[in-house]
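K.L.:
Sharing a structure with you now.
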Amino acid sequence: RNTRKSTKKDLVLKNPLSGIVYCRLCGGLMTRLAPNKRNAYSTLKCPNRYCNNVSAPIFLVEKKILESLHAWVNRYKLKTKATKRKPESQELKKKAITYQKKELDTINKQISNTYDLLEQGVYTVEIFTLRNSELSQRKVEIEQQIKETEMELEKDRQRNVADAEALPRMIGILEAYDTATNAQEKNAMLHEILEKVLYQKDTPNTRGNLNNDNFTIHVFPKLSKR
């Protein structure tokens with residue numbers, strides 16, 4: 001998130017994907033190669049000269065990233081709706097906590113009873129020690145189960161709150177993306193909704209086949225995972 005964009009002071013950013021796309025082969029941050037005699041367009045390339053990742057036109061990578069994000073949002077909305085229609089998971093966790101707390105109360109009473117039975121002579125010291133140890137161990141286990149289930153419920157709550165804010169923001173940015181007037185604005189928008197993108201291309205395009213997007217990308221949106 002703190003990646004510095006590869007621009008010099010007082011220069012205008014020309015790469016909308018700056019600080020976002022990483023090489024899937026070596027992990028390096030992909031950089032922009034300006035148009036030249038060979039290519040009339042900007043390309044995205046891995047700066048590692050020992051890496052075999054093949055470069056591609058920036059406009060093609062940008063297009064594919066946007067397509068992937070739109071598709072991802074649509075899938076995510078369907079999963080979110082399904083989760084809202086079926087809240088059984090959270091309800092089961094709440095019921096589990098209620099049951100575990102009742103069981104914990106029962107064990108506390110049983111532990112107290114072991115002392116009474118010892119004083120009454122019903123339990124020998126050996127039986128008391130064994131029974132008390134078993135109940136105490138069970139008590140620790142249940143307390144840990146309650147703690148873990150409560151943590152899961154809190155994570156669910158935080159995720160739902162985050163999604164309620166993040167998903168509309170992502171949709172709004174994608175809808176407004178085409179209205180951006182320069183690479184700087186586009187880059188800022190993408191940084192708002194993307195953690196990173198992994199890029200890999202194994203085969204160079206043949207002459208006259210510029211628009212062949214024969215590369216793969218893996219997008220990491222800034223939303224919780226479901």
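Each chain in the structure tokens gets a letter, A, B, ..., in the order shown, and its residues are numbered from 1; ligands are numbered from 1 in order too.
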As a list in words, please: the residues near region 137-141 of chain A (cut-off 10 Å, only C-alpha atoms, same-chain neighbours under 2 positions excluded).

P.N.:
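The residues that qualify are Gln100, Glu103, Leu104, Asp105, Thr106, Ile107, Asn108, Ile111, Asn132, Ser133, Glu134, Leu135, Glu143, Gln144, Gln145, Ile146 and Lys147 of chain A.
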
K.L.:
Please save N, CA, C and O atoms of the selected residues as a CSV table (one decimal), in the first residue's frame.

P.N.:
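selection_4.csv, written as the output of this step:
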chain,number,residue,atom,x,y,z
A,100,GLN,N,-22.7,-23.5,25.2
A,100,GLN,CA,-21.4,-23.7,25.9
A,100,GLN,C,-21.4,-23.0,27.2
A,100,GLN,O,-20.8,-23.5,28.2
A,103,GLU,N,-23.3,-25.1,29.6
A,103,GLU,CA,-22.4,-26.2,30.0
A,103,GLU,C,-21.3,-25.8,31.0
A,103,GLU,O,-21.0,-26.5,31.9
A,104,LEU,N,-20.9,-24.6,30.8
A,104,LEU,CA,-19.8,-24.0,31.7
A,104,LEU,C,-20.4,-23.8,33.1
A,104,LEU,O,-19.8,-24.1,34.1
A,105,ASP,N,-21.7,-23.4,33.2
A,105,ASP,CA,-22.3,-23.2,34.5
A,105,ASP,C,-22.5,-24.6,35.2
A,105,ASP,O,-22.2,-24.7,36.4
A,106,THR,N,-22.8,-25.6,34.4
A,106,THR,CA,-23.0,-26.9,34.9
A,106,THR,C,-21.7,-27.4,35.5
A,106,THR,O,-21.6,-28.0,36.6
A,107,ILE,N,-20.6,-27.2,34.8
A,107,ILE,CA,-19.3,-27.7,35.2
A,107,ILE,C,-18.8,-27.0,36.5
A,107,ILE,O,-18.3,-27.6,37.4
A,108,ASN,N,-19.1,-25.7,36.5
A,108,ASN,CA,-18.7,-24.9,37.8
A,108,ASN,C,-19.5,-25.5,39.0
A,108,ASN,O,-18.9,-25.6,40.1
A,111,ILE,N,-17.8,-28.8,39.9
A,111,ILE,CA,-16.6,-28.6,40.6
A,111,ILE,C,-16.8,-28.3,42.0
A,111,ILE,O,-16.1,-28.8,42.9
A,132,ASN,N,-11.9,-33.7,40.0
A,132,ASN,CA,-11.7,-32.2,39.9
A,132,ASN,C,-10.8,-31.8,38.7
A,132,ASN,O,-11.0,-30.8,38.1
A,133,SER,N,-9.8,-32.6,38.5
A,133,SER,CA,-8.9,-32.4,37.4
A,133,SER,C,-9.6,-32.5,36.0
A,133,SER,O,-9.4,-31.7,35.1
A,134,GLU,N,-10.4,-33.6,35.9
A,134,GLU,CA,-11.2,-33.8,34.7
A,134,GLU,C,-12.1,-32.6,34.4
A,134,GLU,O,-12.2,-32.1,33.3
A,135,LEU,N,-12.8,-32.2,35.4
A,135,LEU,CA,-13.8,-31.1,35.3
A,135,LEU,C,-13.1,-29.8,35.0
A,135,LEU,O,-13.5,-29.0,34.1
A,143,GLU,N,-14.2,-22.8,27.8
A,143,GLU,CA,-13.9,-21.4,27.8
A,143,GLU,C,-13.2,-21.0,26.6
A,143,GLU,O,-13.4,-19.9,26.0
A,144,GLN,N,-12.3,-21.8,26.1
A,144,GLN,CA,-11.5,-21.6,24.9
A,144,GLN,C,-12.5,-21.6,23.7
A,144,GLN,O,-12.4,-20.8,22.7
A,145,GLN,N,-13.4,-22.5,23.6
A,145,GLN,CA,-14.4,-22.6,22.6
A,145,GLN,C,-15.2,-21.4,22.5
A,145,GLN,O,-15.5,-20.9,21.4
A,146,ILE,N,-15.7,-20.9,23.7
A,146,ILE,CA,-16.5,-19.7,23.7
A,146,ILE,C,-15.7,-18.5,23.2
A,146,ILE,O,-16.2,-17.7,22.4
A,147,LYS,N,-14.5,-18.4,23.6
A,147,LYS,CA,-13.6,-17.3,23.2
A,147,LYS,C,-13.5,-17.3,21.6
A,147,LYS,O,-13.6,-16.3,21.0

K.L.:
Just how far from CA of Glu195 (chain A) is CA of Thr179 (chain A), in Å to one decimal?

P.N.:
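Going from CA of Thr179 (chain A) over to CA of Glu195 (chain A), I get 22.1 Å.
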
K.L.:
Quick one: pull the distance between CA of Gln184 (chain A) and CA of Leu17 (chain A), Å, one decimal.

P.N.:
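For CA of Gln184 (chain A) relative to CA of Leu17 (chain A), the distance reads 9.4 Å.
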
K.L.:
Here is a test: counting only C-alpha atoms, which residue of A:Ile65, A:Val54, A:Ala40, A:Ala71 is nearest to Gln200 (chain A)?

P.N.:
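Going through A:Ile65, A:Val54, A:Ala40, A:Ala71 one by one, the smallest distance to Gln200 (chain A) is for A:Val54.
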
K.L.:
Can you check which residues of region 15-86 of chain A DSSP gives as strand (DSSP E or B) on the backbone and send them as a list in words?

P.N.:
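Of region 15-86 of chain A, the ones in strand (DSSP E or B) are Val21, Tyr22, Cys23, Leu29, Thr31, Arg32, Leu33, Thr43, Leu44, Lys45, Ala56 and Pro57 of chain A.
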
K.L.:
Excluding Cys26 (chain A) and any residue of its chain fewer than 4 positions from it, enumerate the residues within 12 Å of it, using only C-alpha atoms, and give them as a list in words.

P.N.:
Tyr22, Met30, Cys46, Pro47, Asn48, Arg49, Tyr50, Cys51, Asn52, Asn53, Leu198, Tyr199 and Gln200 of chain A

K.L.:
May I ask which of the residues A:Leu118, A:Val21, A:Ala166, A:Leu210 is the closest one to Asn39 (chain A), counting only C-alpha atoms?

P.N.:
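Closest to Asn39 (chain A), using only C-alpha atoms: A:Leu210.
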
K.L.:
Go ahead and compute the interatomic distance for CA of Leu78 (chain A) and CA of Thr149 (chain A), in Å to one decimal.

P.N.:
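Distance between the two atoms: 26.0 Å.
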
K.L.:
Would you pick out the contacts of Ser42 (chain A) at 7 Å or less, using only C-alpha atoms, so that residues sharing its chain but fewer than 2 positions from it are not included, and give the list as a ChimeraX atom specification?

P.N.:
/A:32-35,44,57-58

K.L.:
Would you export the selected residues with N, CA, C and O atoms as a PDB file, in the first residue's frame, please?

P.N.:
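Everything below was put into result_19.pdb:
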ATOM      1  N   ARG A  32       6.728   0.927 -16.589  1.00  0.00           N
ATOM      2  CA  ARG A  32       6.298   1.381 -17.914  1.00  0.00           C
ATOM      3  C   ARG A  32       7.500   1.613 -18.824  1.00  0.00           C
ATOM      4  O   ARG A  32       8.478   2.233 -18.437  1.00  0.00           O
ATOM      5  N   LEU A  33       7.372   1.095 -20.039  1.00  0.00           N
ATOM      6  CA  LEU A  33       8.349   1.372 -21.094  1.00  0.00           C
ATOM      7  C   LEU A  33       7.686   2.308 -22.088  1.00  0.00           C
ATOM      8  O   LEU A  33       6.648   1.980 -22.673  1.00  0.00           O
ATOM      9  N   ALA A  34       8.244   3.495 -22.259  1.00  0.00           N
ATOM     10  CA  ALA A  34       7.639   4.513 -23.111  1.00  0.00           C
ATOM     11  C   ALA A  34       7.634   4.078 -24.578  1.00  0.00           C
ATOM     12  O   ALA A  34       8.405   3.203 -24.985  1.00  0.00           O
ATOM     13  N   PRO A  35       6.772   4.657 -25.402  1.00  0.00           N
ATOM     14  CA  PRO A  35       6.762   4.357 -26.842  1.00  0.00           C
ATOM     15  C   PRO A  35       8.142   4.602 -27.457  1.00  0.00           C
ATOM     16  O   PRO A  35       8.870   5.510 -27.045  1.00  0.00           O
ATOM     17  N   LEU A  44       4.041  -2.546 -20.544  1.00  0.00           N
ATOM     18  CA  LEU A  44       4.306  -2.889 -19.157  1.00  0.00           C
ATOM     19  C   LEU A  44       5.330  -4.011 -19.160  1.00  0.00           C
ATOM     20  O   LEU A  44       5.131  -5.036 -19.810  1.00  0.00           O
ATOM     21  N   PRO A  57       1.219  -4.425 -23.981  1.00  0.00           N
ATOM     22  CA  PRO A  57       0.745  -3.036 -24.011  1.00  0.00           C
ATOM     23  C   PRO A  57      -0.010  -2.695 -22.734  1.00  0.00           C
ATOM     24  O   PRO A  57      -0.856  -3.474 -22.270  1.00  0.00           O
ATOM     25  N   ILE A  58       0.268  -1.534 -22.180  1.00  0.00           N
ATOM     26  CA  ILE A  58      -0.390  -1.123 -20.934  1.00  0.00           C
ATOM     27  C   ILE A  58      -1.901  -1.043 -21.105  1.00  0.00           C
ATOM     28  O   ILE A  58      -2.661  -1.439 -20.215  1.00  0.00           O
TER      29      ILE A  58
END

K.L.:
Smallest atom-to-atom distance to Asn209 (chain A): which of A:Val125, A:Glu62, A:Ala56, A:Glu185, using only C-alpha atoms?

P.N.:
A:Ala56

K.L.:
A:Arg75, A:Tyr123, A:Asn36, A:Ser55: which is nearest Asn205 (chain A), counting only C-alpha atoms?

P.N.:
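Ranking A:Arg75, A:Tyr123, A:Asn36, A:Ser55 by distance to Asn205 (chain A), first place goes to A:Ser55.
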